[in-house]
Number of protein chains: 2
Amino acid sequence: MKQNSIRTSLIQMEVTAGKPAVNTASMLKAIENARTDGIELLVFPEMSVPGYLIGDEWEHESFLRECEECCDELRSASNGLVIVFGSVGLDWQKRNEDGRVRKYNALFAAENGKFLSPVNSPYNFVIKTLLPNYREFDDSRHFFDLRKLALEMDTPVQSLISPVRTSRLTLGCALCEDAWDIDYSLSPMNVLADKDVDLFVNISCSPFTVNKNMKRNRVFSEKARKLKVPLVYANSVGIQNNGKTVFTFDGSSCIYDTHGNQIVCSPPFEEEILTYDIPLSGEPFGDPIQYREDNISEIYRAIDFGTRRFMKLCGINRVTVGVSGGIDSAVAAAIYRHILHPKDLLLVNMPGKFNSQTTKNLARELAANLNCFYTEVPIDDSVKLTVGQINGRTISNTANGIHQGLGLSQFMLENVQARDRSSRILAAISAAFGGVFTCNANKSELTVGYSTLYGDLSGYLANLADLWKTEIYQLATYLNETIFHSRVIPKGSFDITPSAELSNAQNVDKGLGDPIIYPYHDLLFKSWVESWNRTTPEEILAWYMEGKLEERLGYRGKISVLFKDAQAFIADLERWWNQYQGMGLVKRIQAPPVLAVKKRAFGFDHREAHMCAHYTRKYAKMKKELLG
Amino acid sequence: MKQNSIRTSLIQMEVTAGKPAVNTASMLKAIENARTDGIELLVFPEMSVPGYLIGDEWEHESFLRECEECCDELRSASNGLVIVFGSVGLDWQKRNEDGRVRKYNALFAAENGKFLSPVNSPYNFVIKTLLPNYREFDDSRHFFDLRKLALEMDTPVQSLISPVRTSRLTLGCALCEDAWDIDYSLSPMNVLADKDVDLFVNISCSPFTVNKNMKRNRVFSEKARKLKVPLVYANSVGIQNNGKTVFTFDGSSCIYDTHGNQIVCSPPFEEEILTYDIPLSGEPFGDPIQYREDNISEIYRAIDFGTRRFMKLCGINRVTVGVSGGIDSAVAAAIYRHILHPKDLLLVNMPGKFNSQTTKNLARELAANLNCFYTEVPIDDSVKLTVGQINGRTISNTANGIHQGLGLSQFMLENVQARDRSSRILAAISAAFGGVFTCNANKSELTVGYSTLYGDLSGYLANLADLWKTEIYQLATYLNETIFHSRVIPKGSFDITPSAELSNAQNVDKGLGDPIIYPYHDLLFKSWVESWNRTTPEEILAWYMEGKLEERLGYRGKISVLFKDAQAFIADLERWWNQYQGMGLVKRIQAPPVLAVKKRAFGFDHREAHMCAHYTRKYAKMKKELLG
């Protein structure tokens, strides 16, 4: 067995973005241990030295030199085994197309203190061929790809895609996207397979999104099966961010045999060393793993992990949550309670004159269930003071004696209350408690700006803002049933009408609340934001006219029950579309960072320009037809 | 003359991003007028139909179909003349590498109702060859480039770069970056010149940054001169944004003769039709223009234009500026006063117990000079109420009876005051006045987070946030001298120590103020943010040790006067570097949109990941050496 197999370890390590020395130290330790354990091939993830989503840190030459030094130290440590790792590959003699030093997203292989250059390569590292430039990825901003290099060298790109020969075997090395080739005119792994490789090594730095592992499994499994080469996949764990959007990395590193079966797999969101004797006979090996998990449990784990790591990044140990009695803040509080000791969590209820006894009781009940600090800070005196200072005030132009009186409308008063809670109370009390306060916004309100800037849209992190309101309820149930095994989130918080309670028109005891009809609007908004073929009012109205809107959105009710006629339907559609592309975006620009758990989180995964709502001429025509 | 020249109009139009029907309507009108005027060649800017910086709007297929229809309408209108314009080129049969429909950044030429396909091209449009992926540009995110197409077609890219033949001449068509080829291994314009073109047409959508026109002039002039082909450059005017960053487009369209001389030029930031009979003899023509303007005047014009257009985009007619008596808010107020009628501008001074009579007087004086509305809203009562509610409060855990007292530190009290001004007063009073309030942050404080989130860092737009504090003073002088011809910004605002006046330690009358030593720190921060070789503490410390820091930064004083020893120097360096990459970034993530006027405005032109400050090992070694 030993002669015909290779003892391989995949190092599912936690990569700290932007800290090469930290990552290298942990890699050197792993190499030392692997040598002791008789490992022959040790595989680290993509960009394991520098981290991956590091913004324009790639422009700092001192940082690049440090990465280069780290690569050299790793090479020096490769006596007696083959190590494979990811870092930035540099060519100080050449330029990228932005005029800066030439950088490649590179895979380094080393053995016995020497880098193993790919066959025919001008470099002693493997260059990523396919650079993703969608969603949160900006690879072409920083890295030169192998296709451009081929053009520059006036040689076919296929000749530059070549295996790496170790003393015992031939490795087909690929970086992440190189395997996800379906939309590219070139398949690096197919080219490698034609060059007789014994084993595929795919190193990745692939952010978690719900259901992505299922898709990756299909793609990678097919590669191994069709090309008849076993494949190892090493991904990192941790969080990395683009400022506005925080991504988690779940690892889930694994090994596929030549039948495309996933044989062993590391647990998600944990550091692990996955060791396996991989047979090189070309025969399938081991038993396939069946992996299936429901979405909410995957999502919860990512939120829990991402929140913990983001707190660590920011040096946060104590958290304040403003709790209204509603479901969003209850879910936020429960999530933090699972992370923090009770002494480090403070729930604050900030009642005003429109808050019902119902919700005040629910907030207090939540705090008692969670067994953490609780206090009530009313806003009425302050709101009265603000109204007194502004409502009825006369402003004057001293140069010409012109005066004008100012008045606060009902709508303005709602915002005054929301800002008082967050910018006045929560910001100060969370500082006094020794920490930060949270933003409990969900994706439904974030999409259409149903929130107050410097009010409920403030906070250090919006860790629920990639979930629709309907998913917040699912998460609440999951927290009670699976995490706390107890109804810590009170039944009343599930049952009350979702409401901001900022005016008499939002009286929960009368069942009055948000203007968003979540079961329908969540699906509508999802089709705008998350669906692959992102819809606009043109598609929505066309489906409405065809009577297919329920089916297209997956809505189980009847549209005709929600809107009495086409005019009402269109008014609603335009109201929210205007908000989505107008004030919603204005608010998102100043919103806290969003923790991404699904596709198209707001921020860097869904890039937006402020242009006001667009309606196509075709939409206008259909609307005219419909309304006559 | 007529036979040997071509009557050409460059349409320096205002492009509305994301509104193809609006742009097309104005283009159709221009075509109609041109036909009447006997124009033979009419050139519109790059992406004149859809706009350019439109975020992920490119994913909406209904939007793409509308663009396609608009292109067709323009084609239909081309009877009797040649029109050239920019839009998205679509191939519904193919996919981009993200799996979405194939899109090209394209130039369309049409004559007599027909598109003029480039020689050898599979498409009836010219494809941009070089796609910029640096600074604010994301071209590869959305568009397939000609080099990838050549690879897909298995043909040399040079064969696909080909001229467009009209009934009278051969055009060498290029899109923006195609001319800026210095860092690319391929020069599209050189390839075109080899194919015998009569005239180069470069259509651009090139954002303004100070001094960029000088560089463009060098690059384009050299192309025309070396390749001996006259060149027309059509750029758009307007604003476009990426959410976090607002860019202005100055146009400055012009014509170069075969000696590389700029012969005629449209004024910046204005719509204009630039008409010229361009000789096709290959001889030089006309007299060269000498263009030189000082930076502050260019910057002011961009801020004035950008602010007006952003207000229009947001539908804002009335503005409130919080004025402290200091220079930043005075400059902001003066800029808005030049834009708005006095009845639409409100200045608000919000004194607290630490504000001096000096600055209160300066604020009132400013309002009188600007002849606009003014009012004073004190913060003391509210601050007292907040302190009363939080300082000394006991929070309790009802489940276990544990209590804890809360206290507000001096630093927390400073932030309470700043938030009270913006989130409580300005947000409410600006709404009551019927508009928005401004963010008066400068780039110095934005870089190191010397501001309060939900306090002075809030507002609808930060139109000064791409200027260092030292540049704010220059702009203040420019406003007084050149725009108002009067000292509207009081002398006292120039003379006082810059100070936040949030504690006794910031007493302006005692000359106590900001911890930032602007003449030095502005240059230090600039070297981190704006300089081409962006520095880090490693370079700064090396220069310090070599005694070359003053020279490298361009600082006219002596570092040894500012810092008594190496320890003090390093403490200062690390303080601000930690802030820049730490809390400064945390605050920028939630900051208002920044109006970009220079290179590397924060936001999309300078992308950042939150990773906490990085110091290289080399820096740590030098520091140890120095401090022993």
# chains A, B, ... in the order shown; residues from 1 in each chain; ligands from 1
call {"tool": "residues_around", "arguments": {"residues": "Lys598 of chain B", "least_positions_apart": "5", "cutoff": "7 Å", "atoms": "only C-alpha atoms", "output": "PyMOL selection string"}}
result
chain B and resi 209-210+466
call {"tool": "write_last_selection", "arguments": {"atoms": "N, CA and C atoms", "output": "PDB file, in the first residue's frame"}}
result
ATOM      1  N   THR B 209      -9.760  63.910 -12.475  1.00  0.00           N
ATOM      2  CA  THR B 209      -8.982  64.106 -11.253  1.00  0.00           C
ATOM      3  C   THR B 209      -7.994  65.201 -11.577  1.00  0.00           C
ATOM      4  N   VAL B 210      -7.610  65.931 -10.564  1.00  0.00           N
ATOM      5  CA  VAL B 210      -6.758  67.083 -10.779  1.00  0.00           C
ATOM      6  C   VAL B 210      -5.473  66.652 -11.490  1.00  0.00           C
ATOM      7  N   ASP B 466     -11.995  64.711  -0.026  1.00  0.00           N
ATOM      8  CA  ASP B 466     -10.820  64.303  -0.795  1.00  0.00           C
ATOM      9  C   ASP B 466      -9.708  65.364  -0.696  1.00  0.00           C
TER      10      ASP B 466
END
call {"tool": "select_by_dssp", "arguments": {"residues": "segment 338-576 of chain A", "states": "strand (DSSP E or B)", "output": "JSON, numbers by chain"}}
result
{"A": [345, 346, 347, 348, 349, 373, 374, 375, 376, 394, 395, 396, 403, 404, 405, 436, 437, 439, 462]}
call {"tool": "residues_around", "arguments": {"residues": "Ile379 of chain B", "least_positions_apart": "3", "cutoff": "9 Å", "atoms": "only C-alpha atoms", "output": "number ranges by chain"}}
result
B: 350-353, 382-384, 417, 420-421, 425
call {"tool": "residues_around", "arguments": {"residues": "Ala427 of chain B", "least_positions_apart": "2", "cutoff": "12 Å", "atoms": "only C-alpha atoms", "output": "JSON list (two decimals) with N, CA, C and O atoms, in the first residue's frame"}}
result
[["chain", "number", "residue", "atom", "x", "y", "z"],
["A", 386, "THR", "N", -35.96, 67.74, 22.00],
["A", 386, "THR", "CA", -35.64, 67.97, 20.58],
["A", 386, "THR", "C", -36.80, 68.67, 19.88],
["A", 386, "THR", "O", -36.60, 69.65, 19.14],
["A", 390, "ILE", "N", -36.75, 72.43, 18.11],
["A", 390, "ILE", "CA", -36.84, 72.59, 16.64],
["A", 390, "ILE", "C", -38.23, 72.96, 16.15],
["A", 390, "ILE", "O", -38.39, 73.83, 15.31],
["A", 408, "LEU", "N", -41.82, 70.16, 12.53],
["A", 408, "LEU", "CA", -41.49, 68.74, 12.34],
["A", 408, "LEU", "C", -42.74, 67.95, 11.98],
["A", 408, "LEU", "O", -43.73, 67.99, 12.72],
["A", 412, "MET", "N", -41.00, 62.95, 10.32],
["A", 412, "MET", "CA", -39.74, 63.41, 10.93],
["A", 412, "MET", "C", -39.66, 63.00, 12.40],
["A", 412, "MET", "O", -38.60, 62.64, 12.89],
["A", 413, "LEU", "N", -40.81, 63.06, 13.08],
["A", 413, "LEU", "CA", -40.83, 62.66, 14.49],
["A", 413, "LEU", "C", -40.51, 61.18, 14.68],
["A", 413, "LEU", "O", -39.90, 60.80, 15.68],
["A", 415, "ASN", "N", -38.42, 59.50, 12.83],
["A", 415, "ASN", "CA", -36.97, 59.40, 12.72],
["A", 415, "ASN", "C", -36.25, 59.97, 13.94],
["A", 415, "ASN", "O", -35.20, 59.47, 14.34],
["A", 416, "VAL", "N", -36.81, 61.03, 14.51],
["A", 416, "VAL", "CA", -36.21, 61.61, 15.73],
["A", 416, "VAL", "C", -36.13, 60.53, 16.82],
["A", 416, "VAL", "O", -35.10, 60.37, 17.49],
["A", 417, "GLN", "N", -37.21, 59.77, 16.97],
["A", 417, "GLN", "CA", -37.22, 58.72, 17.99],
["A", 417, "GLN", "C", -36.18, 57.64, 17.71],
["A", 417, "GLN", "O", -35.45, 57.20, 18.61],
["A", 418, "ALA", "N", -36.12, 57.21, 16.45],
["A", 418, "ALA", "CA", -35.19, 56.13, 16.09],
["A", 418, "ALA", "C", -33.74, 56.58, 16.30],
["A", 418, "ALA", "O", -32.91, 55.82, 16.80],
["A", 419, "ARG", "N", -33.44, 57.83, 15.92],
["A", 419, "ARG", "CA", -32.06, 58.32, 16.10],
["A", 419, "ARG", "C", -31.74, 58.51, 17.57],
["A", 419, "ARG", "O", -30.62, 58.28, 18.01],
["A", 420, "ASP", "N", -32.74, 58.92, 18.33],
["A", 420, "ASP", "CA", -32.51, 59.11, 19.76],
["A", 420, "ASP", "C", -32.08, 57.78, 20.40],
["A", 420, "ASP", "O", -31.16, 57.74, 21.21],
["A", 423, "SER", "N", -28.26, 56.73, 18.24],
["A", 423, "SER", "CA", -27.11, 57.64, 18.28],
["A", 423, "SER", "C", -26.95, 58.30, 19.63],
["A", 423, "SER", "O", -25.84, 58.69, 20.01],
["A", 452, "THR", "N", -34.03, 53.85, 9.84],
["A", 452, "THR", "CA", -33.58, 55.24, 9.99],
["A", 452, "THR", "C", -32.06, 55.27, 10.03],
["A", 452, "THR", "O", -31.44, 54.57, 10.84],
["A", 453, "LEU", "N", -31.49, 56.09, 9.16],
["A", 453, "LEU", "CA", -30.05, 56.30, 9.16],
["A", 453, "LEU", "C", -29.67, 56.98, 10.48],
["A", 453, "LEU", "O", -30.39, 57.89, 10.93],
["A", 454, "TYR", "N", -28.57, 56.56, 11.08],
["A", 454, "TYR", "CA", -28.11, 57.02, 12.39],
["A", 454, "TYR", "C", -29.11, 56.61, 13.48],
["A", 454, "TYR", "O", -29.01, 57.02, 14.63],
["A", 455, "GLY", "N", -30.10, 55.82, 13.07],
["A", 455, "GLY", "CA", -31.06, 55.26, 14.02],
["A", 455, "GLY", "C", -30.86, 53.75, 14.03],
["A", 455, "GLY", "O", -29.73, 53.29, 14.25],
["B", 319, "VAL", "N", -30.27, 73.12, 1.86],
["B", 319, "VAL", "CA", -29.16, 72.48, 2.55],
["B", 319, "VAL", "C", -28.93, 73.15, 3.90],
["B", 319, "VAL", "O", -29.02, 74.38, 4.02],
["B", 320, "THR", "N", -28.63, 72.33, 4.89],
["B", 320, "THR", "CA", -28.26, 72.82, 6.22],
["B", 320, "THR", "C", -26.80, 72.46, 6.47],
["B", 320, "THR", "O", -26.39, 71.32, 6.24],
["B", 321, "VAL", "N", -26.04, 73.45, 6.94],
["B", 321, "VAL", "CA", -24.64, 73.20, 7.27],
["B", 321, "VAL", "C", -24.44, 73.52, 8.75],
["B", 321, "VAL", "O", -24.77, 74.63, 9.20],
["B", 322, "GLY", "N", -23.91, 72.54, 9.48],
["B", 322, "GLY", "CA", -23.53, 72.82, 10.86],
["B", 322, "GLY", "C", -22.23, 73.60, 10.85],
["B", 322, "GLY", "O", -21.25, 73.14, 10.27],
["B", 348, "VAL", "N", -26.28, 76.35, 11.00],
["B", 348, "VAL", "CA", -26.67, 76.11, 12.38],
["B", 348, "VAL", "C", -25.42, 76.00, 13.25],
["B", 348, "VAL", "O", -24.54, 75.19, 12.97],
["B", 419, "ARG", "N", -22.34, 63.54, 18.57],
["B", 419, "ARG", "CA", -23.53, 62.85, 18.06],
["B", 419, "ARG", "C", -24.78, 63.68, 18.31],
["B", 419, "ARG", "O", -25.71, 63.67, 17.50],
["B", 420, "ASP", "N", -24.82, 64.38, 19.43],
["B", 420, "ASP", "CA", -25.97, 65.21, 19.73],
["B", 420, "ASP", "C", -26.16, 66.26, 18.62],
["B", 420, "ASP", "O", -27.27, 66.51, 18.17],
["B", 421, "ARG", "N", -25.05, 66.84, 18.20],
["B", 421, "ARG", "CA", -25.13, 67.87, 17.15],
["B", 421, "ARG", "C", -25.67, 67.33, 15.84],
["B", 421, "ARG", "O", -26.55, 67.92, 15.23],
["B", 422, "SER", "N", -25.13, 66.19, 15.43],
["B", 422, "SER", "CA", -25.49, 65.72, 14.08],
["B", 422, "SER", "C", -26.75, 64.87, 14.06],
["B", 422, "SER", "O", -27.69, 65.16, 13.32],
["B", 423, "SER", "N", -26.76, 63.82, 14.86],
["B", 423, "SER", "CA", -27.88, 62.86, 14.76],
["B", 423, "SER", "C", -29.14, 63.39, 15.43],
["B", 423, "SER", "O", -30.24, 63.00, 15.06],
["B", 424, "ARG", "N", -28.97, 64.24, 16.43],
["B", 424, "ARG", "CA", -30.18, 64.76, 17.07],
["B", 424, "ARG", "C", -30.60, 66.07, 16.40],
["B", 424, "ARG", "O", -31.70, 66.15, 15.83],
["B", 425, "ILE", "N", -29.71, 67.07, 16.40],
["B", 425, "ILE", "CA", -30.14, 68.39, 15.92],
["B", 425, "ILE", "C", -30.12, 68.52, 14.40],
["B", 425, "ILE", "O", -31.14, 68.82, 13.78],
["B", 429, "ILE", "N", -33.35, 69.23, 12.19],
["B", 429, "ILE", "CA", -33.57, 70.60, 11.72],
["B", 429, "ILE", "C", -33.45, 70.68, 10.21],
["B", 429, "ILE", "O", -34.17, 71.46, 9.55],
["B", 430, "SER", "N", -32.56, 69.88, 9.61],
["B", 430, "SER", "CA", -32.44, 69.91, 8.15],
["B", 430, "SER", "C", -33.69, 69.34, 7.50],
["B", 430, "SER", "O", -34.12, 69.81, 6.45],
["B", 431, "ALA", "N", -34.29, 68.34, 8.15],
["B", 431, "ALA", "CA", -35.55, 67.81, 7.62],
["B", 431, "ALA", "C", -36.65, 68.86, 7.73],
["B", 431, "ALA", "O", -37.41, 69.08, 6.79],
["B", 432, "ALA", "N", -36.70, 69.54, 8.87],
["B", 432, "ALA", "CA", -37.71, 70.57, 9.07],
["B", 432, "ALA", "C", -37.51, 71.73, 8.08],
["B", 432, "ALA", "O", -38.48, 72.34, 7.62],
["B", 433, "PHE", "N", -36.25, 72.01, 7.77],
["B", 433, "PHE", "CA", -35.95, 73.09, 6.80],
["B", 433, "PHE", "C", -36.27, 72.62, 5.38],
["B", 433, "PHE", "O", -36.39, 73.43, 4.46],
["B", 434, "GLY", "N", -36.39, 71.31, 5.20],
["B", 434, "GLY", "CA", -36.77, 70.77, 3.89],
["B", 434, "GLY", "C", -35.57, 70.39, 3.07],
["B", 434, "GLY", "O", -35.45, 70.80, 1.91],
["B", 435, "GLY", "N", -34.67, 69.61, 3.64],
["B", 435, "GLY", "CA", -33.50, 69.21, 2.86],
["B", 435, "GLY", "C", -32.61, 68.28, 3.64],
["B", 435, "GLY", "O", -33.11, 67.46, 4.42],
["B", 436, "VAL", "N", -31.34, 68.43, 3.45],
["B", 436, "VAL", "CA", -30.37, 67.52, 4.07],
["B", 436, "VAL", "C", -29.31, 68.34, 4.79],
["B", 436, "VAL", "O", -29.27, 69.56, 4.67],
["B", 437, "PHE", "N", -28.45, 67.65, 5.53],
["B", 437, "PHE", "CA", -27.30, 68.35, 6.11],
["B", 437, "PHE", "C", -26.01, 67.76, 5.53],
["B", 437, "PHE", "O", -25.98, 66.64, 5.05],
["B", 438, "THR", "N", -24.98, 68.58, 5.58],
["B", 438, "THR", "CA", -23.73, 68.23, 4.89],
["B", 438, "THR", "C", -22.75, 67.57, 5.85],
["B", 438, "THR", "O", -22.80, 67.77, 7.06],
["B", 439, "CYS", "N", -21.82, 66.81, 5.28],
["B", 439, "CYS", "CA", -20.68, 66.30, 6.05],
["B", 439, "CYS", "C", -19.48, 67.14, 5.63],
["B", 439, "CYS", "O", -19.15, 67.21, 4.45],
["B", 454, "TYR", "N", -21.76, 58.88, 13.41],
["B", 454, "TYR", "CA", -23.11, 59.39, 13.73],
["B", 454, "TYR", "C", -23.02, 60.80, 14.32],
["B", 454, "TYR", "O", -24.02, 61.35, 14.78],
["B", 455, "GLY", "N", -21.80, 61.37, 14.34],
["B", 455, "GLY", "CA", -21.60, 62.74, 14.77],
["B", 455, "GLY", "C", -21.15, 63.54, 13.55],
["B", 455, "GLY", "O", -21.84, 63.53, 12.52],
["B", 456, "ASP", "N", -19.99, 64.16, 13.64],
["B", 456, "ASP", "CA", -19.55, 65.00, 12.53],
["B", 456, "ASP", "C", -19.24, 64.20, 11.27],
["B", 456, "ASP", "O", -19.04, 64.78, 10.21],
["B", 458, "SER", "N", -21.38, 62.29, 9.86],
["B", 458, "SER", "CA", -22.62, 62.00, 9.15],
["B", 458, "SER", "C", -22.95, 63.13, 8.18],
["B", 458, "SER", "O", -22.31, 64.18, 8.19],
["B", 459, "GLY", "N", -23.96, 62.91, 7.36],
["B", 459, "GLY", "CA", -24.34, 63.90, 6.34],
["B", 459, "GLY", "C", -24.65, 63.21, 5.03],
["B", 459, "GLY", "O", -24.39, 62.01, 4.87],
["B", 460, "TYR", "N", -25.21, 63.96, 4.07],
["B", 460, "TYR", "CA", -25.65, 63.32, 2.82],
["B", 460, "TYR", "C", -24.51, 63.16, 1.83],
["B", 460, "TYR", "O", -24.54, 62.29, 0.96]]
call {"tool": "residues_around", "arguments": {"residues": "segment 123-140 of chain A", "least_positions_apart": "5", "cutoff": "7 Å", "atoms": "only C-alpha atoms", "output": "PyMOL selection string"}}
result
(chain A and resi 89+104-109+115-118+145-147+174-175+177-178+188+600+604-606) or (chain B and resi 98+133+140-141)
call {"tool": "closest_residue", "arguments": {"among": "A:Gly407, A:Pro122, A:Gly511, A:Gly325", "to": "chain B", "atoms": "only C-alpha atoms"}}
result
A:Gly407
call {"tool": "select_by_dssp", "arguments": {"residues": "segment 423-534 of chain A", "states": "helix (DSSP H, G or I)", "output": "ChimeraX atom specification"}}
result
/A:423-433,443-448,469-483,491-495,504-506,508-510,518-529
call {"tool": "residues_around", "arguments": {"residues": "Leu366 of chain B", "least_positions_apart": "6", "cutoff": "12 Å", "atoms": "only C-alpha atoms", "output": "number ranges by chain"}}
result
A: 397-399; B: 321-327, 329-334, 337, 346-349, 359-360, 372-375, 480, 486-493
call {"tool": "write_last_selection", "arguments": {"atoms": "C-alpha atoms", "output": "compact mmCIF listing (two decimals), in the first residue's frame"}}
result
# COMPACT_ATOMS: atom_id res chain seq x y z
CA ASN A 397 -31.34 85.89 7.84
CA THR A 398 -29.59 88.67 9.72
CA ALA A 399 -28.54 90.38 6.52
CA VAL B 321 -24.64 73.20 7.27
CA GLY B 322 -23.53 72.82 10.86
CA VAL B 323 -21.01 75.62 11.39
CA SER B 324 -18.51 75.59 14.24
CA GLY B 325 -16.58 78.74 13.43
CA GLY B 326 -13.75 76.58 12.07
CA ILE B 327 -12.43 76.48 8.53
CA SER B 329 -17.59 74.16 7.88
CA ALA B 330 -16.94 77.71 6.66
CA VAL B 331 -15.65 76.39 3.33
CA ALA B 332 -18.61 74.02 3.06
CA ALA B 333 -21.05 76.85 3.75
CA ALA B 334 -19.40 79.15 1.20
CA ARG B 337 -23.89 79.56 -0.81
CA LEU B 346 -29.35 77.34 6.67
CA LEU B 347 -26.29 77.53 8.90
CA VAL B 348 -26.67 76.11 12.38
CA ASN B 349 -24.28 76.71 15.24
CA THR B 359 -15.86 80.52 17.45
CA LYS B 360 -19.51 81.31 18.17
CA CYS B 372 -28.27 83.23 4.53
CA PHE B 373 -30.44 81.73 7.27
CA TYR B 374 -28.79 81.22 10.61
CA THR B 375 -29.79 79.81 13.92
CA ASN B 480 -12.76 84.58 -0.67
CA SER B 486 -14.77 89.43 -0.42
CA ARG B 487 -13.70 87.95 2.88
CA VAL B 488 -16.89 85.91 3.39
CA ILE B 489 -14.90 83.35 5.36
CA PRO B 490 -13.78 85.42 8.34
CA LYS B 491 -10.10 85.93 8.96
CA GLY B 492 -10.59 84.44 12.42
CA SER B 493 -11.53 81.08 10.92
call {"tool": "residues_around", "arguments": {"residues": "Lys223 of chain B", "least_positions_apart": "2", "cutoff": "10 Å", "atoms": "only C-alpha atoms", "output": "count of residues only"}}
result
22
call {"tool": "closest_residue", "arguments": {"among": "B:Phe310, B:Tyr473, B:Phe44, B:Phe563", "to": "chain A", "atoms": "only C-alpha atoms"}}
result
B:Phe310
call {"tool": "atom_distance", "arguments": {"atom1": "atom CA of Tyr276 of chain B", "atom2": "atom CA of Thr8 of chain B"}}
result
5.4 Å
